[in-house]
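S.K.: This is query_16.cif (mmCIF, C-alpha atoms).
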```cif
data_entry
#
loop_
_atom_site.label_atom_id
_atom_site.label_comp_id
_atom_site.auth_asym_id
_atom_site.auth_seq_id
_atom_site.Cartn_x
_atom_site.Cartn_y
_atom_site.Cartn_z
CA MET A 1 88.69 -178.25 0.34
CA LYS A 2 89.07 -180.55 3.33
CA THR A 3 91.51 -180.01 6.19
CA ASN A 4 92.24 -181.98 9.35
CA ASN A 5 90.66 -179.13 11.32
CA GLU A 6 87.18 -180.60 11.28
CA GLU A 7 85.59 -178.85 14.27
CA GLY A 8 86.29 -175.22 13.46
CA CYS A 9 88.43 -172.75 11.55
CA GLY A 10 90.07 -174.32 8.50
CA LEU A 11 93.43 -172.98 9.62
CA CYS A 12 93.48 -173.08 13.43
CA ASN A 13 90.39 -175.13 14.35
CA ALA A 14 89.03 -172.44 16.70
CA THR A 15 85.24 -172.30 16.86
CA TRP A 16 84.92 -168.57 17.54
CA GLY A 17 83.85 -166.27 14.72
CA GLU A 18 81.45 -166.54 11.84
CA TYR A 19 83.63 -165.86 8.84
CA HIS A 20 83.16 -167.73 5.57
CA ARG A 21 85.16 -167.52 2.37
CA ASP A 22 85.02 -169.35 -0.93
CA ILE A 23 88.25 -171.30 -1.32
CA GLU A 24 88.66 -173.16 -4.60
CA GLY A 25 84.90 -173.11 -5.14
CA GLU A 26 84.05 -174.39 -1.68
CA ASP A 27 82.55 -172.45 1.22
CA MET A 28 84.97 -172.71 4.14
CA PHE A 29 84.61 -171.57 7.75
CA PHE A 30 87.31 -169.48 9.45
CA CYS A 31 87.38 -167.81 12.85
CA CYS A 32 88.50 -164.50 11.31
CA ASN A 33 89.51 -162.88 8.05
CA ILE A 34 93.21 -163.16 8.92
CA CYS A 35 93.00 -166.96 9.15
CA ALA A 36 91.13 -166.92 5.81
CA ASP A 37 93.85 -164.72 4.25
CA ILE A 38 96.59 -166.99 5.56
CA PHE A 39 94.84 -170.11 4.27
CA GLN A 40 94.14 -168.57 0.86
CA ASN A 41 97.74 -167.34 0.47
CA MET A 42 98.99 -170.77 1.49
CA VAL A 43 96.80 -172.50 -1.12
CA GLU A 44 98.00 -170.13 -3.85
CA GLU A 45 101.64 -170.71 -2.87
CA VAL A 46 101.20 -174.51 -2.97
CA LYS A 47 99.53 -174.34 -6.39
CA LYS A 48 102.29 -172.07 -7.69
CA ARG A 49 105.05 -174.38 -6.49
CA THR A 50 103.42 -177.67 -7.55
CA GLY A 51 101.65 -176.59 -10.73
CA TRP A 52 98.50 -178.36 -9.48
CA ASN A 53 95.13 -177.06 -10.65
CA THR A 54 93.31 -178.20 -7.52
CA ILE A 55 94.07 -179.28 -3.98
CA ASP A 56 91.86 -181.93 -2.39
CA ARG A 57 93.02 -181.81 1.20
CA VAL A 58 95.52 -180.10 3.49
CA GLU A 59 96.81 -181.38 6.81
CA LEU A 60 98.17 -178.70 9.11
CA HIS A 61 100.09 -179.23 12.35
CA GLY A 62 101.47 -176.39 14.46
CA ASN A 63 100.48 -172.94 15.50
CA TYR A 64 101.23 -169.25 15.16
CA SER A 65 104.47 -169.26 17.13
CA SER A 66 106.17 -172.38 15.76
CA GLY A 67 104.67 -172.14 12.29
CA ARG A 68 102.83 -174.99 10.58
CA GLU A 69 104.11 -178.27 9.11
CA CYS A 70 101.72 -179.21 6.32
CA THR A 71 100.97 -181.79 3.67
CA ALA A 72 98.78 -180.96 0.69
CA TYR A 73 97.14 -183.69 -1.41
CA SER A 74 95.94 -183.55 -5.01
CA GLY A 75 94.79 -186.90 -6.38
CA SER A 76 97.68 -189.28 -5.77
CA ASN A 77 100.21 -186.45 -5.37
CA GLN A 78 101.39 -184.96 -2.11
CA PHE A 79 103.49 -181.92 -1.21
CA LYS A 80 105.09 -181.30 2.19
CA TYR A 81 105.90 -177.80 3.34
CA TYR A 82 106.32 -175.49 6.31
CA PHE A 83 105.11 -171.95 6.62
CA ARG A 84 104.91 -169.21 9.21
CA THR A 85 103.17 -165.84 9.11
CA TYR A 86 103.28 -162.56 10.95
CA GLY A 87 100.46 -161.89 13.42
CA ASP A 88 98.60 -159.87 10.81
CA GLY A 89 98.66 -162.78 8.37
CA ARG A 90 101.43 -161.80 5.96
CA MET A 91 103.66 -164.68 4.93
CA MET A 92 106.96 -164.70 6.82
CA LYS A 93 108.45 -167.98 5.59
CA PHE A 94 107.44 -170.80 3.23
CA GLU A 95 109.74 -173.79 2.76
CA GLU A 96 109.36 -177.09 0.94
CA ARG A 97 110.06 -180.09 3.16
CA MET B 1 88.06 -151.13 35.89
CA VAL B 2 88.48 -154.34 33.90
CA ASP B 3 90.21 -153.66 30.59
CA CYS B 4 89.90 -155.50 27.33
CA ALA B 5 93.50 -156.60 26.68
CA VAL B 6 93.10 -156.01 22.96
CA CYS B 7 91.42 -152.64 22.51
CA GLY B 8 91.63 -151.19 26.00
CA SER B 9 87.83 -150.82 26.39
CA ARG B 10 87.11 -150.45 30.08
CA PHE B 11 84.34 -152.16 32.05
CA SER B 12 83.17 -151.77 35.63
CA LYS B 13 85.38 -153.20 38.34
CA GLY B 14 85.17 -156.96 38.73
CA ASN B 15 82.56 -157.24 36.01
CA TYR B 16 83.76 -160.08 33.83
CA ASN B 17 80.26 -160.51 32.40
CA GLU B 18 80.61 -157.17 30.62
CA LEU B 19 84.06 -158.09 29.30
CA ALA B 20 82.76 -161.51 28.19
CA SER B 21 79.85 -159.84 26.41
CA HIS B 22 82.25 -157.45 24.66
CA LEU B 23 84.52 -160.30 23.51
CA ILE B 24 81.60 -162.45 22.31
CA MET B 25 80.12 -159.52 20.40
CA LEU B 26 83.43 -158.93 18.61
CA ALA B 27 84.03 -162.65 18.07
CA LYS B 28 80.63 -162.84 16.34
CA LYS B 29 81.91 -160.14 14.01
CA SER B 30 85.01 -162.29 13.50
CA ASP B 31 87.22 -159.40 14.63
CA TRP B 32 90.63 -160.99 14.23
CA SER B 33 92.47 -159.25 17.05
CA HIS B 34 89.86 -160.19 19.66
CA VAL B 35 89.39 -163.73 18.28
CA SER B 36 93.13 -164.21 18.21
CA TRP B 37 93.47 -163.07 21.83
CA LEU B 38 90.70 -165.44 22.92
CA ASN B 39 92.32 -168.32 21.02
CA ARG B 40 95.78 -167.74 22.50
CA ASN B 41 94.82 -166.83 26.05
CA ILE B 42 91.43 -168.17 27.09
CA THR B 43 90.01 -170.89 24.83
CA LYS B 44 89.68 -171.78 21.16
CA ALA B 45 86.23 -173.23 21.82
CA ARG B 46 83.26 -170.90 21.44
CA THR B 47 81.46 -170.59 24.78
CA ASP B 48 78.48 -168.68 26.12
CA GLU B 49 78.76 -165.49 28.13
CA ALA B 50 78.42 -167.12 31.55
CA LYS B 51 81.14 -169.68 30.88
CA LEU B 52 83.46 -167.14 29.28
CA SER B 53 82.94 -164.80 32.23
CA GLY B 54 84.08 -167.61 34.54
CA LEU B 55 87.13 -168.32 32.40
CA LEU B 56 88.05 -164.62 32.37
CA SER B 57 87.62 -164.43 36.13
CA GLN B 58 90.07 -167.34 36.46
CA TYR B 59 92.48 -165.72 34.01
CA TYR B 60 92.59 -162.45 35.98
CA SER B 61 92.65 -164.17 39.39
CA LEU B 62 95.87 -163.81 41.38
CA LYS B 63 95.17 -167.30 42.76
CA GLY B 64 96.28 -166.36 46.25
CA LYS B 65 99.57 -164.84 45.07
CA GLY B 66 100.56 -161.30 44.16
CA ILE B 67 100.50 -159.19 41.03
CA LYS B 68 104.23 -159.88 40.51
CA ASP B 69 103.62 -163.61 40.20
CA TRP B 70 100.59 -163.04 37.95
CA ILE B 71 102.53 -160.81 35.54
CA ILE B 72 105.52 -163.15 35.40
CA ARG B 73 103.40 -166.24 34.72
CA ASP B 74 101.38 -164.47 32.02
CA PHE B 75 104.51 -163.07 30.40
CA VAL B 76 106.23 -166.46 30.39
CA HIS B 77 103.15 -168.06 28.83
CA HIS B 78 103.09 -165.46 26.04
CA PHE B 79 106.75 -165.19 25.22
CA ARG B 80 108.91 -167.97 26.64
CA GLY B 81 106.60 -170.91 27.35
CA SER B 82 106.12 -174.09 25.32
CA ASN B 83 104.76 -171.99 22.43
CA PRO B 84 107.29 -169.16 22.55
CA HIS B 85 107.13 -165.98 20.54
CA PRO B 86 108.67 -166.42 17.05
CA PHE B 87 111.39 -163.90 17.91
CA ILE B 88 112.46 -166.04 20.86
CA LEU B 89 112.60 -169.07 18.56
CA ALA B 90 114.69 -167.08 16.07
CA MET B 91 117.15 -166.14 18.83
CA GLN B 92 117.91 -169.78 19.60
CA SER B 93 120.53 -169.63 16.86
CA TYR B 94 122.94 -166.92 15.72
CA ASN B 95 121.37 -164.99 12.86
CA VAL B 96 123.01 -161.76 11.70
CA ASP B 97 119.90 -160.44 9.94
CA VAL B 98 117.68 -160.97 12.97
CA LEU B 99 120.22 -159.07 15.09
CA LYS B 100 120.35 -156.24 12.56
CA GLY B 101 116.56 -156.04 12.70
CA TYR B 102 116.84 -156.02 16.48
CA ALA B 103 119.33 -153.11 16.37
CA ILE B 104 117.16 -150.92 14.15
CA GLU B 105 113.76 -151.48 15.75
CA HIS B 106 115.06 -151.48 19.32
CA HIS B 107 116.46 -147.99 18.87
CA HIS B 108 112.85 -146.76 18.65
CA PHE B 109 111.83 -148.87 21.64
CA LEU B 110 114.55 -147.35 23.81
CA LYS B 111 113.67 -143.79 22.79
CA GLN B 112 110.11 -144.46 23.99
CA TRP B 113 111.40 -146.32 27.04
CA ILE B 114 112.97 -143.23 28.58
CA LYS B 115 109.84 -141.19 27.86
CA SER B 116 107.75 -143.76 29.71
CA CYS B 117 110.19 -143.79 32.63
CA SER B 118 110.04 -139.99 32.70
CA TYR B 119 106.25 -140.04 32.92
CA VAL B 120 106.55 -142.35 35.92
CA ILE B 121 108.91 -139.90 37.62
CA ALA B 122 106.57 -137.00 36.87
CA LYS B 123 103.52 -138.77 38.27
CA THR B 124 104.81 -139.94 41.64
CA ASP B 125 106.51 -138.50 44.72
CA PHE B 126 107.81 -141.82 46.02
CA ASP B 127 111.60 -141.52 46.25
CA GLU B 128 112.27 -145.20 45.59
CA VAL B 129 110.26 -145.05 42.37
CA GLN B 130 111.91 -141.88 41.12
CA ASP B 131 115.38 -143.17 42.03
CA TYR B 132 114.71 -146.43 40.25
CA GLU B 133 113.54 -144.76 37.06
CA LEU B 134 116.34 -142.19 37.07
CA GLU B 135 118.90 -144.95 37.29
CA ASN B 136 117.06 -146.84 34.58
CA ILE B 137 117.14 -143.88 32.19
CA MET B 138 120.86 -143.45 32.81
CA THR B 139 121.57 -147.14 32.20
CA GLU B 140 119.39 -147.47 29.14
CA LEU B 141 120.10 -144.27 27.20
CA HIS B 142 122.71 -142.04 28.82
CA GLY B 143 125.29 -144.34 30.31
CA TYR B 144 127.99 -143.52 32.86
CA GLY B 145 130.90 -142.32 30.75
CA LYS B 146 133.27 -144.27 28.52
CA ASP B 147 133.63 -147.20 30.89
CA GLU B 148 129.90 -147.83 31.20
CA PRO B 149 128.20 -147.06 27.89
CA SER B 150 124.42 -147.09 27.81
CA HIS B 151 122.38 -150.06 26.61
CA HIS B 152 121.44 -147.90 23.61
CA GLU B 153 125.11 -147.29 22.76
CA LEU B 154 125.85 -151.01 23.06
CA LEU B 155 122.92 -151.68 20.73
CA ILE B 156 124.28 -149.31 18.10
CA ARG B 157 127.76 -150.79 18.40
CA MET B 158 126.24 -154.24 17.86
CA GLY B 159 124.53 -152.97 14.69
CA GLU B 160 127.77 -151.37 13.47
CA SER B 161 129.73 -154.56 14.08
CA LEU B 162 127.25 -156.38 11.82
CA GLY B 163 127.68 -153.89 9.00
CA LEU B 164 125.00 -151.29 9.72
CA ASP B 165 125.83 -147.63 9.67
CA ARG B 166 125.21 -145.68 12.90
CA LYS B 167 123.24 -143.10 10.93
CA THR B 168 121.10 -145.83 9.37
CA ILE B 169 120.04 -146.99 12.81
CA ILE B 170 119.42 -143.56 14.30
CA GLN B 171 117.68 -142.07 11.26
CA SER B 172 115.58 -145.16 10.48
CA LYS B 173 111.82 -144.94 10.55
CA PRO B 174 110.20 -147.61 12.70
CA LEU B 175 108.24 -150.34 10.92
CA PRO B 176 104.46 -149.90 11.30
CA ALA B 177 104.21 -152.55 14.06
CA THR B 178 106.93 -150.79 16.05
CA ALA B 179 105.29 -147.40 15.51
CA ARG B 180 101.92 -148.73 16.70
CA ALA B 181 103.51 -150.30 19.78
CA VAL B 182 105.42 -147.11 20.61
CA SER B 183 102.16 -145.16 20.30
CA ILE B 184 100.42 -147.56 22.72
CA TRP B 185 103.27 -147.26 25.24
CA ASN B 186 103.22 -143.48 24.97
CA ASP B 187 99.42 -143.42 25.49
CA ILE B 188 99.72 -145.63 28.57
CA ALA B 189 102.47 -143.44 30.03
CA SER B 190 100.75 -140.14 29.29
CA GLN B 191 97.19 -141.14 30.19
CA ARG B 192 97.47 -143.73 32.94
CA THR B 193 98.95 -143.80 36.43
CA TRP B 194 102.62 -144.21 37.32
CA ILE B 195 102.10 -147.73 38.66
CA GLU B 196 100.28 -148.86 35.51
CA THR B 197 103.09 -147.41 33.40
CA MET B 198 105.69 -149.19 35.49
CA ALA B 199 103.84 -152.48 35.08
CA ALA B 200 103.40 -151.92 31.35
CA MET B 201 107.08 -151.18 30.74
CA HIS B 202 109.16 -153.06 33.30
CA SER B 203 107.25 -156.31 32.79
CA LEU B 204 108.79 -156.34 29.31
CA GLU B 205 112.27 -156.67 30.79
CA LEU B 206 111.26 -160.19 31.76
CA VAL B 207 111.97 -161.19 28.18
CA ALA B 208 115.70 -161.36 29.01
CA ASN B 209 115.38 -162.65 32.56
CA ARG B 210 117.47 -165.78 33.19
CA ASP B 211 115.48 -166.79 36.22
CA LEU B 212 112.16 -167.71 34.65
CA GLY B 213 112.56 -171.49 34.54
CA ARG B 214 110.83 -171.71 37.91
CA TYR B 215 107.87 -169.91 36.36
CA GLY B 216 107.59 -172.35 33.47
CA ALA B 217 109.89 -170.76 30.88
CA LYS B 218 111.03 -173.35 28.34
CA TYR B 219 113.33 -171.14 26.28
CA PRO B 220 116.08 -168.68 27.19
CA TYR B 221 115.95 -165.22 25.60
CA PHE B 222 118.73 -166.35 23.28
CA ASN B 223 120.96 -169.35 22.94
CA PRO B 224 123.70 -168.76 25.57
CA ASP B 225 126.22 -170.49 23.27
CA ILE B 226 126.23 -167.20 21.34
CA LEU B 227 128.08 -165.64 24.28
CA SER B 228 130.83 -168.23 24.32
CA GLY B 229 131.07 -169.05 20.62
CA VAL B 230 133.30 -167.47 18.02
CA GLN B 231 130.56 -166.72 15.50
CA ALA B 232 129.25 -163.56 17.15
CA THR B 233 131.17 -160.29 17.13
CA SER B 234 132.42 -159.06 20.49
CA GLU B 235 129.90 -156.19 20.25
CA VAL B 236 127.03 -158.67 19.84
CA ARG B 237 128.25 -160.59 22.85
CA GLU B 238 128.66 -157.41 24.89
CA PHE B 239 125.15 -156.17 24.05
CA LEU B 240 123.46 -159.49 24.77
CA ARG B 241 125.48 -160.09 27.93
CA GLU B 242 124.60 -156.65 29.28
CA GLY B 243 120.86 -157.18 28.93
CA TYR B 244 121.06 -160.82 29.97
CA GLU B 245 122.85 -160.06 33.22
CA ALA B 246 121.41 -156.67 34.14
CA ASP B 247 117.73 -157.23 33.52
CA VAL B 248 117.35 -160.03 36.09
CA SER B 249 117.63 -157.69 39.03
CA HIS B 250 116.05 -154.73 37.25
CA SER B 251 112.77 -156.40 36.33
CA TYR B 252 112.32 -157.95 39.77
CA VAL B 253 112.96 -154.65 41.56
CA ALA B 254 110.30 -152.94 39.46
CA LEU B 255 107.82 -155.77 39.97
CA ASP B 256 108.50 -155.67 43.72
CA ILE B 257 107.68 -151.94 43.74
CA ILE B 258 104.48 -152.61 41.78
CA GLU B 259 103.52 -155.34 44.22
CA LYS B 260 104.20 -153.03 47.18
CA TYR B 261 101.87 -150.29 45.89
CA CYS B 262 99.25 -152.55 44.29
CA THR B 263 95.87 -152.35 46.04
CA PRO B 264 92.47 -153.95 45.39
CA GLU B 265 91.48 -150.59 43.89
CA ASN B 266 94.24 -150.39 41.27
CA LEU B 267 94.84 -154.12 40.64
CA GLU B 268 92.65 -154.43 37.53
CA ASP B 269 94.05 -151.22 36.08
CA ILE B 270 97.58 -152.60 36.48
CA GLN B 271 96.57 -155.88 34.87
CA GLY B 272 94.89 -154.06 31.99
CA SER B 273 97.85 -151.81 31.29
CA TYR B 274 100.26 -154.74 31.46
CA LEU B 275 98.13 -156.76 29.00
CA LEU B 276 97.87 -153.88 26.52
CA SER B 277 101.62 -153.47 26.69
CA ALA B 278 102.37 -157.19 26.35
CA ASN B 279 100.15 -157.35 23.26
CA ALA B 280 102.01 -154.40 21.76
CA PHE B 281 105.33 -156.01 22.67
CA SER B 282 104.40 -159.16 20.77
CA ASP B 283 103.78 -157.12 17.62
CA TYR B 284 106.96 -155.14 18.20
CA LEU B 285 109.06 -158.33 18.46
CA GLU B 286 107.60 -159.39 15.11
CA ALA B 287 108.81 -156.08 13.70
CA ARG B 288 112.38 -157.02 14.69
CA LEU B 289 111.97 -160.21 12.64
CA GLU B 290 110.34 -158.37 9.76
CA ARG B 291 113.19 -155.85 9.62
CA GLY B 292 115.63 -158.75 9.61
CA GLU B 293 113.75 -160.39 6.72
CA MET B 294 113.79 -157.10 4.80
CA ILE B 295 117.55 -156.81 5.24
CA GLU B 296 118.09 -160.48 4.28
CA ASN B 297 115.97 -160.13 1.12
CA LYS B 298 117.86 -157.01 0.01
CA GLN B 299 121.18 -158.83 -0.05
#
```
How does the structure come out when it is put into structure tokens?

M.R.:
Amino acid sequence: MKTNNEEGCGLCNATWGEYHRDIEGEDMFFCCNICADIFQNMVEEVKKRTGWNTIDRVELHGNYSSGRECTAYSGSNQFKYYFRTYGDGRMMKFEER
Amino acid sequence: MVDCAVCGSRFSKGNYNELASHLIMLAKKSDWSHVSWLNRNITKARTDEAKLSGLLSQYYSLKGKGIKDWIIRDFVHHFRGSNPHPFILAMQSYNVDVLKGYAIEHHHFLKQWIKSCSYVIAKTDFDEVQDYELENIMTELHGYGKDEPSHHELLIRMGESLGLDRKTIIQSKPLPATARAVSIWNDIASQRTWIETMAAMHSLELVANRDLGRYGAKYPYFNPDILSGVQATSEVREFLREGYEADVSHSYVALDIIEKYCTPENLEDIQGSYLLSANAFSDYLEARLERGEMIENKQ
């Protein structure tokens, strides 16, 4: 799955760490397991709310403190949402936008 | 000693190479707490040991000013800067559940607070330090009779005015993040020096300080309209006003004492203890939000 974070971690774009996880059949790089957990939970939540089988790309803007404004794309469909997590990665808030 | 702000590992004085090596080793293991600290405080870009050592040296440098200025600027960056802590963002509007979460978790904070202040008293003979902490304990937990209830009593009254039972607050168990933070503060107070404990605890009062705009604060502790509006109960207004007005002088007095007794020998220890505490405080503030979410979801 593609994200706009092209240099580093799929969630936060940091280049520290050496953590990889299979997301939707694709090997993705994350700086830590918490970012991977957050990303994976986010993908599952989007699929649950949209009914999509796959997600092609996610654009994420924001950070830990303000939360992240996102757009997910699947074929010609798009889904806008906002989410924020606790520091340990658990979902605090997820809202459709 | 130079401390790792995340795990408290201690390295020889002034040796940022050792700290850089420690952080890089843990970043290679993708240890989330160390990676997260690097991302939020130093850089999100992977660097080699020499460059990271230089960045750490800059981060810990007083830049020609004192420890007071260093603590305030770091605290503002973490909690009230352009990327404020989520709890600060939540307090920019009136939210009953957030305030209920505040009431329950802060009870545990205040119980630890007076223990930490007591350790300071026990570990020093300086009159001004003992006097300061004695007064602080009285203000925070004991109060001065009916006319001047303690901060703790005002907290409970705020919770009651929002529908919580006094017993519920006092008999509650802290959420795990609060319990971990309380344990860190207790360890600092019991194992480290009085000046480190003072820095660890009284720096946290900056969260409510109204004077931090000149240090780069972008957000107040809470939206001041809450104090003048009709939405909030009088007990909420009284609790917030008390902290808002009192803590300005309190936190500066403590930081002035720390600055007075800070020496080149204890500087890094003070910085390390402050950073450990600030990290714990960030998790603890999340626990206030989490408790609020739990209460909201129950209703």

S.K.: Where does the PyMOL selection byres ((chain B) within 8 of (chain A)) land in this file, that is, which residues does it pick, as a ChimeraX atom specification?

M.R.: /B:27-32,35,39,44-46,83-86,89,283,286,290

S.K.: Do you know which residues the PyMOL selection byres ((chain B and resi 108) around 12) returns on this file, as a CSV table (one decimal) with C-alpha atoms, in the coordinates of the input?

M.R.:
```
chain,number,residue,atom,x,y,z
B,101,GLY,CA,116.6,-156.0,12.7
B,102,TYR,CA,116.8,-156.0,16.5
B,103,ALA,CA,119.3,-153.1,16.4
B,104,ILE,CA,117.2,-150.9,14.2
B,105,GLU,CA,113.8,-151.5,15.8
B,106,HIS,CA,115.1,-151.5,19.3
B,107,HIS,CA,116.5,-148.0,18.9
B,109,PHE,CA,111.8,-148.9,21.6
B,110,LEU,CA,114.6,-147.4,23.8
B,111,LYS,CA,113.7,-143.8,22.8
B,112,GLN,CA,110.1,-144.5,24.0
B,113,TRP,CA,111.4,-146.3,27.0
B,114,ILE,CA,113.0,-143.2,28.6
B,115,LYS,CA,109.8,-141.2,27.9
B,141,LEU,CA,120.1,-144.3,27.2
B,152,HIS,CA,121.4,-147.9,23.6
B,155,LEU,CA,122.9,-151.7,20.7
B,156,ILE,CA,124.3,-149.3,18.1
B,169,ILE,CA,120.0,-147.0,12.8
B,170,ILE,CA,119.4,-143.6,14.3
B,171,GLN,CA,117.7,-142.1,11.3
B,172,SER,CA,115.6,-145.2,10.5
B,173,LYS,CA,111.8,-144.9,10.6
B,174,PRO,CA,110.2,-147.6,12.7
B,175,LEU,CA,108.2,-150.3,10.9
B,176,PRO,CA,104.5,-149.9,11.3
B,177,ALA,CA,104.2,-152.6,14.1
B,178,THR,CA,106.9,-150.8,16.0
B,179,ALA,CA,105.3,-147.4,15.5
B,180,ARG,CA,101.9,-148.7,16.7
B,181,ALA,CA,103.5,-150.3,19.8
B,182,VAL,CA,105.4,-147.1,20.6
B,183,SER,CA,102.2,-145.2,20.3
B,185,TRP,CA,103.3,-147.3,25.2
B,186,ASN,CA,103.2,-143.5,25.0
B,284,TYR,CA,107.0,-155.1,18.2
B,287,ALA,CA,108.8,-156.1,13.7
B,288,ARG,CA,112.4,-157.0,14.7
```

S.K.: Just say which residues the PyMOL selection byres ((chain B and resi 17) around 10) picks in this file, as a PyMOL selection string.

M.R.: chain B and resi 11-12+14-16+18-23+49-54+56-57

S.K.: Can you pull out every residue within 8 Å of Lys13 in chain B, counting all atoms listed in the file, but drop anything in the same chain fewer than 3 positions away, and send it as a list in words?

M.R.: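 Listed by chain and then number, they are Met1, Val2 and Glu268 of chain B.
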
S.K.: Could you name the residues that touch Glu296 in chain B at 12 Å or less, counting all atoms listed in the file, but leaving out those on the same chain fewer than 6 positions away, as a list of chain:residue names?

M.R.: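 Near neighbours after the sequence-gap exclusion: B:Asn95, B:Val96, B:Asp97, B:Val98, B:Leu99, B:Lys100, B:Gly101, B:Leu289, B:Glu290.
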
S.K.: Take the residues that were just selected and, keeping C-alpha atoms, output them as a JSON list (two decimals), in the coordinates of the input.

M.R.:
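Generated output (selection-v9.json):
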```json
[["chain", "number", "residue", "atom", "x", "y", "z"],
["B", 95, "ASN", "CA", 121.37, -164.99, 12.86],
["B", 96, "VAL", "CA", 123.01, -161.76, 11.70],
["B", 97, "ASP", "CA", 119.90, -160.44, 9.94],
["B", 98, "VAL", "CA", 117.68, -160.97, 12.97],
["B", 99, "LEU", "CA", 120.22, -159.07, 15.09],
["B", 100, "LYS", "CA", 120.35, -156.24, 12.56],
["B", 101, "GLY", "CA", 116.56, -156.04, 12.70],
["B", 289, "LEU", "CA", 111.97, -160.21, 12.64],
["B", 290, "GLU", "CA", 110.34, -158.37, 9.76]]
```

S.K.: Any idea what the distance is between CA of Gly272 in chain B and CA of Tyr244 in chain B?

M.R.: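 Spanning CA of Gly272 in chain B to CA of Tyr244 in chain B is a straight-line distance of 27.1 Å.
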
S.K.: Residues near Ser277 in chain B, anyone? I mean within 12 Å using only C-alpha atoms, not counting same-chain ones fewer than 5 positions away, as a ChimeraX atom specification.

M.R.: /B:4-8,71,75,116,180-189,196-205,270-272,282-284

S.K.: Measuring atom to atom with all atoms listed in the file, identify which of B:Ser82, B:Ser93, B:Ser273, B:Thr168 is nearest to Asp225 in chain B.

M.R.: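 Looking only at the distances to Asp225 in chain B, the closest residue turns out to be B:Ser93.
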
S.K.: Quick one: pull the distance between CA of Met158 in chain B and CA of Phe239 in chain B, Å, one decimal.

M.R.: 6.6 Å

S.K.: Which value, in Å to one decimal, gives the distance between CA of Phe281 in chain B and CA of Leu60 in chain A?

M.R.: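 Separating CA of Phe281 in chain B from CA of Leu60 in chain A is a distance of 27.4 Å.
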
S.K.: Hey, can I get the axis-aligned box for range 26-40 of chain A? All listed atoms, 3 Å padding on each side, centre and edge lengths in Å to one decimal, as AutoDock Vina command-line options.

M.R.:
```
--center_x 89.6 --center_y -168.6 --center_z 5.6 --size_x 20.0 --size_y 17.5 --size_z 20.5
```

S.K.: Please provide as a ChimeraX atom specification all residues within 10 Å of Glu135 in chain B, with the sequence filter that same-chain residues fewer than 6 positions apart are discarded (counting all atoms listed in the file).

M.R.: /B:117,142-143

S.K.: Taking the point (94.3, -184.8, -6.7) as given in the file, collect each protein or nucleic acid residue that comes within 8 Å of it, counting all atoms listed in the file, and present the set as an mmCIF file with C-alpha atoms, in the coordinates of the input.

M.R.:
```
data_model
loop_
_atom_site.group_PDB
_atom_site.id
_atom_site.type_symbol
_atom_site.label_atom_id
_atom_site.label_comp_id
_atom_site.auth_asym_id
_atom_site.auth_seq_id
_atom_site.Cartn_x
_atom_site.Cartn_y
_atom_site.Cartn_z
ATOM 1 C CA THR A 54 93.310 -178.200 -7.520
ATOM 2 C CA ILE A 55 94.070 -179.280 -3.980
ATOM 3 C CA ASP A 56 91.860 -181.930 -2.390
ATOM 4 C CA TYR A 73 97.140 -183.690 -1.410
ATOM 5 C CA SER A 74 95.940 -183.550 -5.010
ATOM 6 C CA GLY A 75 94.790 -186.900 -6.380
ATOM 7 C CA SER A 76 97.680 -189.280 -5.770
ATOM 8 C CA ASN A 77 100.210 -186.450 -5.370
#
```

S.K.: In terms of the shortest atom-to-atom distance over all atoms listed in the file, which of A:Phe29, A:Glu6, A:Gln78, A:Cys70 is closest to Met42 in chain A?

M.R.: A:Cys70

S.K.: Mind dumping range 140-153 of chain B from that block, keeping C-alpha atoms, as an mmCIF file, in the first residue's frame?

M.R.:
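Now in result02.cif:
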```cif
data_model
loop_
_atom_site.group_PDB
_atom_site.id
_atom_site.type_symbol
_atom_site.label_atom_id
_atom_site.label_comp_id
_atom_site.auth_asym_id
_atom_site.auth_seq_id
_atom_site.Cartn_x
_atom_site.Cartn_y
_atom_site.Cartn_z
ATOM 1 C CA GLU B 140 -2.151 21.300 47.542
ATOM 2 C CA LEU B 141 -3.555 18.740 49.988
ATOM 3 C CA HIS B 142 -4.305 20.147 53.426
ATOM 4 C CA GLY B 143 -5.614 23.642 52.885
ATOM 5 C CA TYR B 144 -6.007 26.436 55.433
ATOM 6 C CA GLY B 145 -9.435 25.835 56.921
ATOM 7 C CA LYS B 146 -12.879 26.400 55.437
ATOM 8 C CA ASP B 147 -11.998 29.689 53.771
ATOM 9 C CA GLU B 148 -8.994 28.310 51.901
ATOM 10 C CA PRO B 149 -9.672 24.713 50.875
ATOM 11 C CA SER B 150 -6.815 22.743 49.374
ATOM 12 C CA HIS B 151 -6.328 22.279 45.643
ATOM 13 C CA HIS B 152 -7.250 18.628 46.213
ATOM 14 C CA GLU B 153 -10.545 19.598 47.875
#
```
